[in-house]
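Visitor: Have a look at this one before I ask anything.
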Amino acid sequence: MRRKLVVGNWKMHGSRPANAELLAALLAARPLMGPGGDVAVCVPFVYLGETAAQLAAGDIRWGAQDVSPHAQGAYTGEISAAMLQECGCRYAIVGHSERRAYHAESDELVAAKAQAALGRGITPIVCVGETLQQRDAGETESVVKRQLSAVIHTLAHCAAEMVVAYEPVWAIGTGRTATPEQAQAVHAVLRAQLQAATGHAERMCILYGGSVKADNAAALFAMPDIDGGLIGGASLKAADFIAICRAAG
Ligand code: PGA
């Protein structure tokens, strides 16, 4: 049995008081999930220290939303995997569609970031997903396979250590969720690709992300290849995120 995983992606939201209140509510609600699942929050870099301090005693994990592909050096504004490791990060999201779109991140760059994270024992959460235009053109499979294949190629024998998140771009922040069947169909394609590459896909975690809410989470998480969720907007409200975690547990 694969463990379920629910990860909050706070994006560029939060403040010290709001974060402290949200994390306190999550900690108070533990166990957020049954024994078969894990919960994490991926917070803005500047809040990692405080998040680590507040979550240290609980069983909620934390991570970052990006990582530099470089180990160290003259890369103004970048944050290395070693720095994330020092902050106790368990995860780093890489290749989120917002970074691919607004920062022109290529499949190769995303793969290099995933490799940098793994090199420091941080699990990369590798996001893949098609735009509405690509879906309408019947390109969903080819797009997500191309995105994932770059990471598989770079990680090589370590590829089975990543978490994959299928996030259709048209479903992110739009309130328009993929149906459980639409999501499952893509997850099955991704798992088959991971199986062919690693031979260990049955133990790999493939998350769904894109307008997951308290009222649609259970149906999504019930699908055979959906192992949890990457939650944006709904991860900022304690009651909603707790309900989603419970739906996975
Ligand atoms: P959303 O975002 O839940 O707000 O749609 C998901 C994500 O971007 O990871």
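As shown in the structure tokens, the chain order sets the letters A, B, ...; within each chain, residues go from 1, and ligands are also counted from 1 in the order they appear.
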What are the closest atom pairs, with distances in Å to one decimal, for all residues of chain A lying within 8 Å of ligand 1? Consider only C-alpha atoms and all ligand atoms, order rows by chain and residue number, and present the result as CSV.

Guide:
```
residue,atom,partner,partner_atom_place_in_ligand_line,distance
A:Gly8,CA,ligand 1,9 (O),7.7
A:Asn9,CA,ligand 1,9 (O),5.6
A:Lys11,CA,ligand 1,8 (O),7.7
A:His96,CA,ligand 1,8 (O),7.0
A:Ser97,CA,ligand 1,8 (O),7.5
A:Glu98,CA,ligand 1,8 (O),7.6
A:Glu167,CA,ligand 1,7 (C),6.9
A:Ala171,CA,ligand 1,5 (O),5.9
A:Ile172,CA,ligand 1,5 (O),3.4
A:Gly173,CA,ligand 1,5 (O),3.6
A:Thr174,CA,ligand 1,5 (O),6.3
A:Gly175,CA,ligand 1,5 (O),6.8
A:Thr177,CA,ligand 1,5 (O),7.8
A:Gly209,CA,ligand 1,6 (C),5.0
A:Gly210,CA,ligand 1,5 (O),3.7
A:Ser211,CA,ligand 1,5 (O),3.5
A:Val212,CA,ligand 1,3 (O),5.2
A:Lys213,CA,ligand 1,3 (O),7.4
A:Leu230,CA,ligand 1,9 (O),5.1
A:Ile231,CA,ligand 1,3 (O),4.3
A:Gly232,CA,ligand 1,3 (O),3.4
A:Gly233,CA,ligand 1,4 (O),3.8
A:Ala234,CA,ligand 1,3 (O),6.0
A:Ser235,CA,ligand 1,3 (O),7.5
```

Visitor: Could you dump the residues just selected with C-alpha atoms as a PDB file, in the first residue's frame?

Guide:
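Generated output (out.pdb):
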```
ATOM      1  CA  GLY A   8       0.114  22.639   0.996  1.00  0.00           C
ATOM      2  CA  ASN A   9       1.660  25.043  -1.504  1.00  0.00           C
ATOM      3  CA  LYS A  11       2.772  30.216  -2.959  1.00  0.00           C
ATOM      4  CA  HIS A  96       5.498  24.375 -10.845  1.00  0.00           C
ATOM      5  CA  SER A  97       3.589  25.703 -13.856  1.00  0.00           C
ATOM      6  CA  GLU A  98       3.803  29.237 -12.460  1.00  0.00           C
ATOM      7  CA  GLU A 167      -1.289  19.737 -12.142  1.00  0.00           C
ATOM      8  CA  ALA A 171      -7.248  23.723 -13.121  1.00  0.00           C
ATOM      9  CA  ILE A 172      -4.798  25.733 -11.013  1.00  0.00           C
ATOM     10  CA  GLY A 173      -6.452  28.510  -9.057  1.00  0.00           C
ATOM     11  CA  THR A 174      -9.419  28.506 -11.427  1.00  0.00           C
ATOM     12  CA  GLY A 175     -11.948  26.571  -9.390  1.00  0.00           C
ATOM     13  CA  THR A 177     -10.947  20.824 -11.053  1.00  0.00           C
ATOM     14  CA  GLY A 209      -3.118  19.432  -7.902  1.00  0.00           C
ATOM     15  CA  GLY A 210      -5.486  22.044  -9.270  1.00  0.00           C
ATOM     16  CA  SER A 211      -8.467  23.446  -7.348  1.00  0.00           C
ATOM     17  CA  VAL A 212      -8.577  20.595  -4.842  1.00  0.00           C
ATOM     18  CA  LYS A 213     -11.133  21.579  -2.205  1.00  0.00           C
ATOM     19  CA  LEU A 230      -0.742  19.442  -3.923  1.00  0.00           C
ATOM     20  CA  ILE A 231      -3.049  22.082  -2.536  1.00  0.00           C
ATOM     21  CA  GLY A 232      -2.770  25.793  -3.293  1.00  0.00           C
ATOM     22  CA  GLY A 233      -5.584  28.140  -2.276  1.00  0.00           C
ATOM     23  CA  ALA A 234      -7.288  25.701   0.080  1.00  0.00           C
ATOM     24  CA  SER A 235      -4.051  25.160   2.033  1.00  0.00           C
TER      25      SER A 235
END
```

Visitor: Just list the residues in range 95-213 of chain A DSSP gives strand (DSSP E) on the backbone, as a PyMOL selection string.

Guide: chain A and resi 123-128+163-166+206-209

Visitor: For those residues, write N, CA, C and O atoms to a file as a CSV table (one decimal), in the first residue's frame.

Guide:
```
chain,number,residue,atom,x,y,z
A,123,THR,N,13.3,15.5,-1.0
A,123,THR,CA,12.5,14.9,-2.1
A,123,THR,C,11.9,16.0,-3.0
A,123,THR,O,11.2,16.9,-2.5
A,124,PRO,N,12.2,16.0,-4.3
A,124,PRO,CA,11.6,16.9,-5.2
A,124,PRO,C,10.2,16.5,-5.5
A,124,PRO,O,9.9,15.4,-5.8
A,125,ILE,N,9.3,17.5,-5.5
A,125,ILE,CA,7.9,17.3,-5.9
A,125,ILE,C,7.9,17.9,-7.3
A,125,ILE,O,7.8,19.1,-7.5
A,126,VAL,N,8.0,17.1,-8.3
A,126,VAL,CA,8.1,17.5,-9.7
A,126,VAL,C,6.7,17.7,-10.3
A,126,VAL,O,6.0,16.8,-10.5
A,127,CYS,N,6.4,19.0,-10.7
A,127,CYS,CA,5.1,19.3,-11.3
A,127,CYS,C,5.1,19.1,-12.8
A,127,CYS,O,6.0,19.6,-13.5
A,128,VAL,N,4.1,18.5,-13.3
A,128,VAL,CA,3.9,18.4,-14.7
A,128,VAL,C,2.4,18.7,-15.0
A,128,VAL,O,1.6,18.6,-14.1
A,163,VAL,N,8.7,12.6,-6.0
A,163,VAL,CA,7.3,12.7,-6.0
A,163,VAL,C,6.9,13.4,-7.2
A,163,VAL,O,7.5,14.4,-7.6
A,164,VAL,N,5.8,12.9,-7.9
A,164,VAL,CA,5.3,13.6,-9.1
A,164,VAL,C,4.0,14.3,-8.8
A,164,VAL,O,3.2,13.7,-8.0
A,165,ALA,N,3.8,15.5,-9.3
A,165,ALA,CA,2.5,16.1,-9.1
A,165,ALA,C,1.9,16.5,-10.4
A,165,ALA,O,2.5,17.2,-11.2
A,166,TYR,N,0.8,15.9,-10.8
A,166,TYR,CA,0.1,16.2,-12.0
A,166,TYR,C,-0.8,17.4,-11.7
A,166,TYR,O,-1.8,17.3,-10.9
A,206,ILE,N,2.2,9.8,-6.7
A,206,ILE,CA,1.8,10.8,-7.7
A,206,ILE,C,0.6,11.6,-7.2
A,206,ILE,O,-0.5,11.0,-6.9
A,207,LEU,N,0.8,12.9,-7.0
A,207,LEU,CA,-0.2,13.8,-6.4
A,207,LEU,C,-1.0,14.4,-7.5
A,207,LEU,O,-0.5,14.6,-8.6
A,208,TYR,N,-2.2,14.8,-7.2
A,208,TYR,CA,-3.0,15.6,-8.1
A,208,TYR,C,-3.1,17.0,-7.5
A,208,TYR,O,-3.2,17.2,-6.3
A,209,GLY,N,-2.9,18.1,-8.4
A,209,GLY,CA,-3.1,19.4,-7.9
A,209,GLY,C,-3.9,20.2,-8.9
A,209,GLY,O,-3.8,20.0,-10.1
```

Visitor: Would you pick out the contacts of Ala219 in chain A at 10 Å or less, using only C-alpha atoms, so that residues sharing its chain but fewer than 6 positions from it are not included, and give the list as JSON, numbers by chain?

Guide: {"A": [179, 180, 181, 226, 247, 248]}

Visitor: May I have the residues from that selection written out with all heavy atoms, as an mmCIF file, in the first residue's frame?

Guide:
```cif
data_model
loop_
_atom_site.group_PDB
_atom_site.id
_atom_site.type_symbol
_atom_site.label_atom_id
_atom_site.label_comp_id
_atom_site.auth_asym_id
_atom_site.auth_seq_id
_atom_site.Cartn_x
_atom_site.Cartn_y
_atom_site.Cartn_z
ATOM 1 N N THR A 179 -11.892 16.218 -13.412
ATOM 2 C CA THR A 179 -12.736 15.197 -12.791
ATOM 3 C C THR A 179 -11.818 14.085 -12.291
ATOM 4 O O THR A 179 -10.690 13.916 -12.796
ATOM 5 C CB THR A 179 -13.735 14.589 -13.794
ATOM 6 O OG1 THR A 179 -12.974 13.901 -14.804
ATOM 7 C CG2 THR A 179 -14.614 15.666 -14.430
ATOM 8 N N PRO A 180 -12.280 13.308 -11.329
ATOM 9 C CA PRO A 180 -11.448 12.191 -10.867
ATOM 10 C C PRO A 180 -11.023 11.286 -12.026
ATOM 11 O O PRO A 180 -9.883 10.828 -12.081
ATOM 12 C CB PRO A 180 -12.369 11.459 -9.887
ATOM 13 C CG PRO A 180 -13.280 12.529 -9.361
ATOM 14 C CD PRO A 180 -13.510 13.460 -10.515
ATOM 15 N N GLU A 181 -11.905 11.104 -12.991
ATOM 16 C CA GLU A 181 -11.594 10.221 -14.130
ATOM 17 C C GLU A 181 -10.532 10.858 -15.034
ATOM 18 O O GLU A 181 -9.625 10.171 -15.507
ATOM 19 C CB GLU A 181 -12.865 9.918 -14.933
ATOM 20 C CG GLU A 181 -13.898 9.080 -14.195
ATOM 21 C CD GLU A 181 -14.645 9.850 -13.095
ATOM 22 O OE1 GLU A 181 -14.714 11.107 -13.160
ATOM 23 O OE2 GLU A 181 -15.158 9.189 -12.162
ATOM 24 N N ILE A 226 -4.104 8.023 -7.718
ATOM 25 C CA ILE A 226 -3.968 9.358 -7.107
ATOM 26 C C ILE A 226 -3.612 9.170 -5.631
ATOM 27 O O ILE A 226 -4.408 8.669 -4.847
ATOM 28 C CB ILE A 226 -5.249 10.198 -7.290
ATOM 29 C CG1 ILE A 226 -5.537 10.372 -8.795
ATOM 30 C CG2 ILE A 226 -5.103 11.559 -6.598
ATOM 31 C CD1 ILE A 226 -6.740 11.234 -9.129
ATOM 32 N N ALA A 247 -9.659 13.781 4.204
ATOM 33 C CA ALA A 247 -10.221 13.057 3.044
ATOM 34 C C ALA A 247 -9.201 12.065 2.482
ATOM 35 O O ALA A 247 -9.570 11.084 1.849
ATOM 36 C CB ALA A 247 -10.650 14.047 1.971
ATOM 37 N N ALA A 248 -7.925 12.349 2.711
ATOM 38 C CA ALA A 248 -6.880 11.458 2.192
ATOM 39 C C ALA A 248 -6.570 10.326 3.174
ATOM 40 O O ALA A 248 -5.979 9.322 2.803
ATOM 41 C CB ALA A 248 -5.596 12.256 1.939
#
```

Visitor: For Val43 in chain A, find every residue with an atom within 10 Å (counting only C-alpha atoms), except residues of its own chain fewer than 2 positions away, and show them as an mmCIF file with all heavy atoms, in the first residue's frame.

Guide:
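As written to disk, around03.cif reads:
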```
data_model
loop_
_atom_site.group_PDB
_atom_site.id
_atom_site.type_symbol
_atom_site.label_atom_id
_atom_site.label_comp_id
_atom_site.auth_asym_id
_atom_site.auth_seq_id
_atom_site.Cartn_x
_atom_site.Cartn_y
_atom_site.Cartn_z
ATOM 1 N N GLY A 8 0.611 21.285 1.215
ATOM 2 C CA GLY A 8 0.114 22.639 0.996
ATOM 3 C C GLY A 8 1.168 23.462 0.275
ATOM 4 O O GLY A 8 2.338 23.444 0.653
ATOM 5 N N ASN A 9 0.770 24.137 -0.785
ATOM 6 C CA ASN A 9 1.660 25.043 -1.504
ATOM 7 C C ASN A 9 1.147 26.457 -1.237
ATOM 8 O O ASN A 9 0.174 26.886 -1.839
ATOM 9 C CB ASN A 9 1.625 24.715 -3.008
ATOM 10 C CG ASN A 9 2.379 25.740 -3.839
ATOM 11 O OD1 ASN A 9 3.133 26.556 -3.301
ATOM 12 N ND2 ASN A 9 2.188 25.704 -5.149
ATOM 13 N N TRP A 10 1.820 27.120 -0.313
ATOM 14 C CA TRP A 10 1.337 28.450 0.098
ATOM 15 C C TRP A 10 1.565 29.505 -0.971
ATOM 16 O O TRP A 10 1.027 30.597 -0.873
ATOM 17 C CB TRP A 10 2.031 28.883 1.392
ATOM 18 C CG TRP A 10 1.630 28.134 2.616
ATOM 19 C CD1 TRP A 10 0.791 27.044 2.696
ATOM 20 C CD2 TRP A 10 2.021 28.420 3.975
ATOM 21 N NE1 TRP A 10 0.646 26.638 3.992
ATOM 22 C CE2 TRP A 10 1.393 27.464 4.806
ATOM 23 C CE3 TRP A 10 2.845 29.374 4.558
ATOM 24 C CZ2 TRP A 10 1.563 27.452 6.196
ATOM 25 C CZ3 TRP A 10 3.021 29.363 5.937
ATOM 26 C CH2 TRP A 10 2.384 28.415 6.746
ATOM 27 N N LYS A 11 2.406 29.221 -1.945
ATOM 28 C CA LYS A 11 2.772 30.216 -2.959
ATOM 29 C C LYS A 11 3.267 31.491 -2.261
ATOM 30 O O LYS A 11 3.841 31.405 -1.173
ATOM 31 C CB LYS A 11 1.598 30.475 -3.913
ATOM 32 C CG LYS A 11 1.034 29.165 -4.488
ATOM 33 C CD LYS A 11 0.119 29.353 -5.632
ATOM 34 C CE LYS A 11 -0.383 27.983 -6.095
ATOM 35 N NZ LYS A 11 -1.169 28.034 -7.310
ATOM 36 N N MET A 12 3.008 32.674 -2.837
ATOM 37 C CA MET A 12 3.529 33.893 -2.212
ATOM 38 C C MET A 12 2.445 34.505 -1.321
ATOM 39 O O MET A 12 1.960 35.613 -1.553
ATOM 40 C CB MET A 12 4.001 34.897 -3.275
ATOM 41 C CG MET A 12 4.953 35.947 -2.704
ATOM 42 S SD MET A 12 5.682 37.004 -3.963
ATOM 43 C CE MET A 12 4.308 38.036 -4.428
ATOM 44 N N HIS A 13 2.060 33.722 -0.328
ATOM 45 C CA HIS A 13 1.068 34.172 0.642
ATOM 46 C C HIS A 13 1.642 34.006 2.030
ATOM 47 O O HIS A 13 2.515 33.181 2.254
ATOM 48 C CB HIS A 13 -0.211 33.328 0.532
ATOM 49 C CG HIS A 13 -0.957 33.534 -0.747
ATOM 50 N ND1 HIS A 13 -1.651 34.684 -1.048
ATOM 51 C CD2 HIS A 13 -1.107 32.724 -1.823
ATOM 52 C CE1 HIS A 13 -2.199 34.577 -2.242
ATOM 53 N NE2 HIS A 13 -1.881 33.395 -2.746
ATOM 54 N N GLY A 14 1.076 34.749 2.963
ATOM 55 C CA GLY A 14 1.449 34.566 4.359
ATOM 56 C C GLY A 14 2.047 35.805 4.975
ATOM 57 O O GLY A 14 2.384 36.772 4.301
ATOM 58 N N ASN A 19 0.872 32.938 9.491
ATOM 59 C CA ASN A 19 1.495 31.609 9.421
ATOM 60 C C ASN A 19 1.432 30.909 10.771
ATOM 61 O O ASN A 19 1.134 29.712 10.859
ATOM 62 C CB ASN A 19 2.964 31.705 9.011
ATOM 63 C CG ASN A 19 3.153 32.395 7.685
ATOM 64 O OD1 ASN A 19 2.202 32.566 6.936
ATOM 65 N ND2 ASN A 19 4.379 32.798 7.394
ATOM 66 N N ALA A 40 2.400 17.880 4.618
ATOM 67 C CA ALA A 40 3.513 18.833 4.559
ATOM 68 C C ALA A 40 3.005 20.198 4.102
ATOM 69 O O ALA A 40 1.947 20.291 3.471
ATOM 70 C CB ALA A 40 4.584 18.335 3.593
ATOM 71 N N VAL A 41 3.766 21.230 4.435
ATOM 72 C CA VAL A 41 3.489 22.573 3.907
ATOM 73 C C VAL A 41 4.760 23.092 3.237
ATOM 74 O O VAL A 41 5.864 22.957 3.773
ATOM 75 C CB VAL A 41 3.034 23.552 5.012
ATOM 76 C CG1 VAL A 41 1.640 23.194 5.503
ATOM 77 C CG2 VAL A 41 4.005 23.594 6.186
ATOM 78 N N PHE A 45 10.449 30.898 1.174
ATOM 79 C CA PHE A 45 11.785 30.663 1.751
ATOM 80 C C PHE A 45 11.987 31.375 3.089
ATOM 81 O O PHE A 45 12.510 30.803 4.037
ATOM 82 C CB PHE A 45 12.868 31.183 0.794
ATOM 83 C CG PHE A 45 13.046 30.370 -0.455
ATOM 84 C CD1 PHE A 45 13.039 30.984 -1.705
ATOM 85 C CD2 PHE A 45 13.257 29.001 -0.392
ATOM 86 C CE1 PHE A 45 13.230 30.239 -2.858
ATOM 87 C CE2 PHE A 45 13.448 28.249 -1.546
ATOM 88 C CZ PHE A 45 13.430 28.883 -2.778
ATOM 89 N N VAL A 46 11.556 32.655 3.130
ATOM 90 C CA VAL A 46 11.878 33.462 4.311
ATOM 91 C C VAL A 46 11.190 32.973 5.577
ATOM 92 O O VAL A 46 11.577 33.369 6.674
ATOM 93 C CB VAL A 46 11.541 34.955 4.094
ATOM 94 C CG1 VAL A 46 12.475 35.565 3.078
ATOM 95 C CG2 VAL A 46 10.078 35.129 3.692
ATOM 96 N N TYR A 47 10.181 32.138 5.409
ATOM 97 C CA TYR A 47 9.467 31.640 6.590
ATOM 98 C C TYR A 47 9.918 30.238 6.992
ATOM 99 O O TYR A 47 9.348 29.643 7.915
ATOM 100 C CB TYR A 47 7.955 31.636 6.341
ATOM 101 C CG TYR A 47 7.368 33.016 6.101
ATOM 102 C CD1 TYR A 47 6.498 33.240 5.033
ATOM 103 C CD2 TYR A 47 7.668 34.082 6.943
ATOM 104 C CE1 TYR A 47 5.949 34.491 4.816
ATOM 105 C CE2 TYR A 47 7.127 35.346 6.721
ATOM 106 C CZ TYR A 47 6.268 35.539 5.656
ATOM 107 O OH TYR A 47 5.719 36.790 5.439
ATOM 108 N N LEU A 48 10.911 29.692 6.294
ATOM 109 C CA LEU A 48 11.300 28.297 6.582
ATOM 110 C C LEU A 48 11.813 28.133 8.013
ATOM 111 O O LEU A 48 11.511 27.134 8.672
ATOM 112 C CB LEU A 48 12.362 27.822 5.582
ATOM 113 C CG LEU A 48 11.790 27.341 4.245
ATOM 114 C CD1 LEU A 48 12.916 27.119 3.242
ATOM 115 C CD2 LEU A 48 10.959 26.074 4.417
ATOM 116 N N THR A 51 8.897 28.260 10.388
ATOM 117 C CA THR A 51 8.057 27.075 10.172
ATOM 118 C C THR A 51 8.720 25.850 10.796
ATOM 119 O O THR A 51 8.063 25.046 11.470
ATOM 120 C CB THR A 51 7.845 26.859 8.657
ATOM 121 O OG1 THR A 51 7.196 28.015 8.128
ATOM 122 C CG2 THR A 51 6.997 25.634 8.390
ATOM 123 N N TRP A 62 7.767 19.979 6.295
ATOM 124 C CA TRP A 62 7.790 21.257 5.598
ATOM 125 C C TRP A 62 8.790 21.207 4.448
ATOM 126 O O TRP A 62 9.679 20.350 4.405
ATOM 127 C CB TRP A 62 8.110 22.405 6.553
ATOM 128 C CG TRP A 62 9.438 22.288 7.246
ATOM 129 C CD1 TRP A 62 10.616 22.819 6.840
ATOM 130 C CD2 TRP A 62 9.701 21.589 8.470
ATOM 131 N NE1 TRP A 62 11.602 22.500 7.730
ATOM 132 C CE2 TRP A 62 11.062 21.743 8.742
ATOM 133 C CE3 TRP A 62 8.912 20.841 9.357
ATOM 134 C CZ2 TRP A 62 11.676 21.171 9.863
ATOM 135 C CZ3 TRP A 62 9.517 20.280 10.472
ATOM 136 C CH2 TRP A 62 10.880 20.457 10.719
ATOM 137 N N GLY A 63 8.601 22.160 3.544
ATOM 138 C CA GLY A 63 9.486 22.201 2.390
ATOM 139 C C GLY A 63 9.436 23.565 1.729
ATOM 140 O O GLY A 63 8.760 24.481 2.210
ATOM 141 N N ALA A 64 10.170 23.672 0.604
ATOM 142 C CA ALA A 64 10.278 24.931 -0.135
ATOM 143 C C ALA A 64 9.506 24.807 -1.450
ATOM 144 O O ALA A 64 9.054 23.726 -1.822
ATOM 145 C CB ALA A 64 11.749 25.238 -0.394
ATOM 146 N N GLN A 65 9.401 25.935 -2.136
ATOM 147 C CA GLN A 65 8.623 25.962 -3.381
ATOM 148 C C GLN A 65 9.509 25.982 -4.626
ATOM 149 O O GLN A 65 9.006 26.037 -5.749
ATOM 150 C CB GLN A 65 7.714 27.193 -3.386
ATOM 151 C CG GLN A 65 6.728 27.203 -2.238
ATOM 152 C CD GLN A 65 5.996 28.520 -2.113
ATOM 153 O OE1 GLN A 65 6.022 29.355 -3.016
ATOM 154 N NE2 GLN A 65 5.326 28.721 -0.992
ATOM 155 N N ASP A 66 10.810 25.966 -4.389
ATOM 156 C CA ASP A 66 11.759 26.029 -5.503
ATOM 157 C C ASP A 66 13.134 25.741 -4.927
ATOM 158 O O ASP A 66 13.312 25.725 -3.693
ATOM 159 C CB ASP A 66 11.729 27.435 -6.138
ATOM 160 C CG ASP A 66 12.550 27.539 -7.414
ATOM 161 O OD1 ASP A 66 12.727 26.509 -8.105
ATOM 162 O OD2 ASP A 66 13.019 28.660 -7.732
ATOM 163 N N ALA A 92 11.014 19.844 -1.831
ATOM 164 C CA ALA A 92 11.115 21.086 -2.611
ATOM 165 C C ALA A 92 10.265 20.889 -3.858
ATOM 166 O O ALA A 92 10.461 19.914 -4.609
ATOM 167 C CB ALA A 92 12.558 21.387 -2.992
#
```

Visitor: Running DSSP on the backbone, which parts of range 132-218 of chain A land in alpha helix (DSSP H), as number ranges by chain?

Guide: A: 132-136, 140-155, 180-198, 217-218

Visitor: Might you pull out every residue within 9 Å of Ala243 in chain A, with only C-alpha atoms counted and same-chain residues fewer than 6 positions away left off, and present them as a PyMOL selection string?

Guide: chain A and resi 32+213-215+217

Visitor: Rank nothing, just name the residue among A:Ala116, A:Arg203, A:Trp170, A:Asp227 nearest to Arg135 in chain A, using only C-alpha atoms.

Guide: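 Using only C-alpha atoms, the shortest distance to Arg135 in chain A belongs to A:Trp170.
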
Visitor: Pull the closest atom pair for each residue of range 84-170 of chain A that gets at most 9 Å from range 67-72 of chain A, along with the distance in Å to one decimal, counting only C-alpha atoms, ordering rows by chain and then ascending residue number, as JSON lines.

Guide:
```
{"residue": "A:Leu84", "atom": "CA", "partner": "A:Val67", "partner_atom": "CA", "distance": 8.0}
{"residue": "A:Ala92", "atom": "CA", "partner": "A:Val67", "partner_atom": "CA", "distance": 6.7}
{"residue": "A:Ile93", "atom": "CA", "partner": "A:Val67", "partner_atom": "CA", "distance": 7.8}
{"residue": "A:Val94", "atom": "CA", "partner": "A:Val67", "partner_atom": "CA", "distance": 7.1}
{"residue": "A:Leu109", "atom": "CA", "partner": "A:Pro69", "partner_atom": "CA", "distance": 7.2}
{"residue": "A:Val110", "atom": "CA", "partner": "A:Pro69", "partner_atom": "CA", "distance": 8.2}
{"residue": "A:Ala111", "atom": "CA", "partner": "A:Pro69", "partner_atom": "CA", "distance": 8.6}
{"residue": "A:Ala112", "atom": "CA", "partner": "A:Pro69", "partner_atom": "CA", "distance": 5.3}
{"residue": "A:Lys113", "atom": "CA", "partner": "A:Pro69", "partner_atom": "CA", "distance": 4.3}
{"residue": "A:Ala114", "atom": "CA", "partner": "A:Pro69", "partner_atom": "CA", "distance": 7.7}
{"residue": "A:Gln115", "atom": "CA", "partner": "A:Pro69", "partner_atom": "CA", "distance": 7.5}
{"residue": "A:Ala116", "atom": "CA", "partner": "A:Pro69", "partner_atom": "CA", "distance": 5.4}
{"residue": "A:Ala117", "atom": "CA", "partner": "A:Val67", "partner_atom": "CA", "distance": 7.0}
```

Visitor: Expressed in Å to a single decimal, how great is the separation between CA of Cys87 in chain A and CA of Gln54 in chain A?

Guide: 12.1 Å

Visitor: Do you have the CA of Gly95 in chain A-CA of Pro17 in chain A distance handy?

Guide: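 Answer for the CA of Gly95 in chain A to CA of Pro17 in chain A separation: 28.9 Å.
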
Visitor: Can you tell me which residues surround Met33 in chain A at a distance of at most 6 Å, considering only C-alpha atoms, apart from same-chain residues fewer than 4 positions away, and format the answer as number ranges by chain?

Guide: A: 37, 245-246, 249

Visitor: Considering only C-alpha atoms, can you say which of A:Glu50, A:Glu108, A:Ile244, A:Gly199 comes closest to Ala218 in chain A?

Guide: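 The answer is A:Ile244, which sits nearest to Ala218 in chain A.
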
Visitor: What does the distance from CA of Gly129 in chain A to CA of Thr76 in chain A come to in Å, to one decimal?

Guide: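 Taking CA of Gly129 in chain A and CA of Thr76 in chain A, their separation equals 29.1 Å.
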
Visitor: Give me the residues near Arg120 in chain A as a list of chain:residue names, where near means some atom within 8 Å (using only C-alpha atoms) and where sequence neighbours in that chain fewer than 6 positions away do not count.

Guide: A:Ala81, A:Ala82, A:Gln85

Visitor: Please save C-alpha atoms of the selected residues as a PDB file, in the first residue's frame.

Guide:
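Output saved as result.pdb:
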```pdb
ATOM      1  CA  ALA A  81      19.535  22.680  -1.676  1.00  0.00           C
ATOM      2  CA  ALA A  82      22.155  22.717   1.092  1.00  0.00           C
ATOM      3  CA  GLN A  85      18.629  20.985   4.060  1.00  0.00           C
TER       4      GLN A  85
END
```

Visitor: For Asp59 in chain A, which residue out of A:Asp38, A:Glu130, A:Arg191, A:Ala104 is the nearest one, using only C-alpha atoms?

Guide: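 The closest residue to Asp59 in chain A is A:Asp38.
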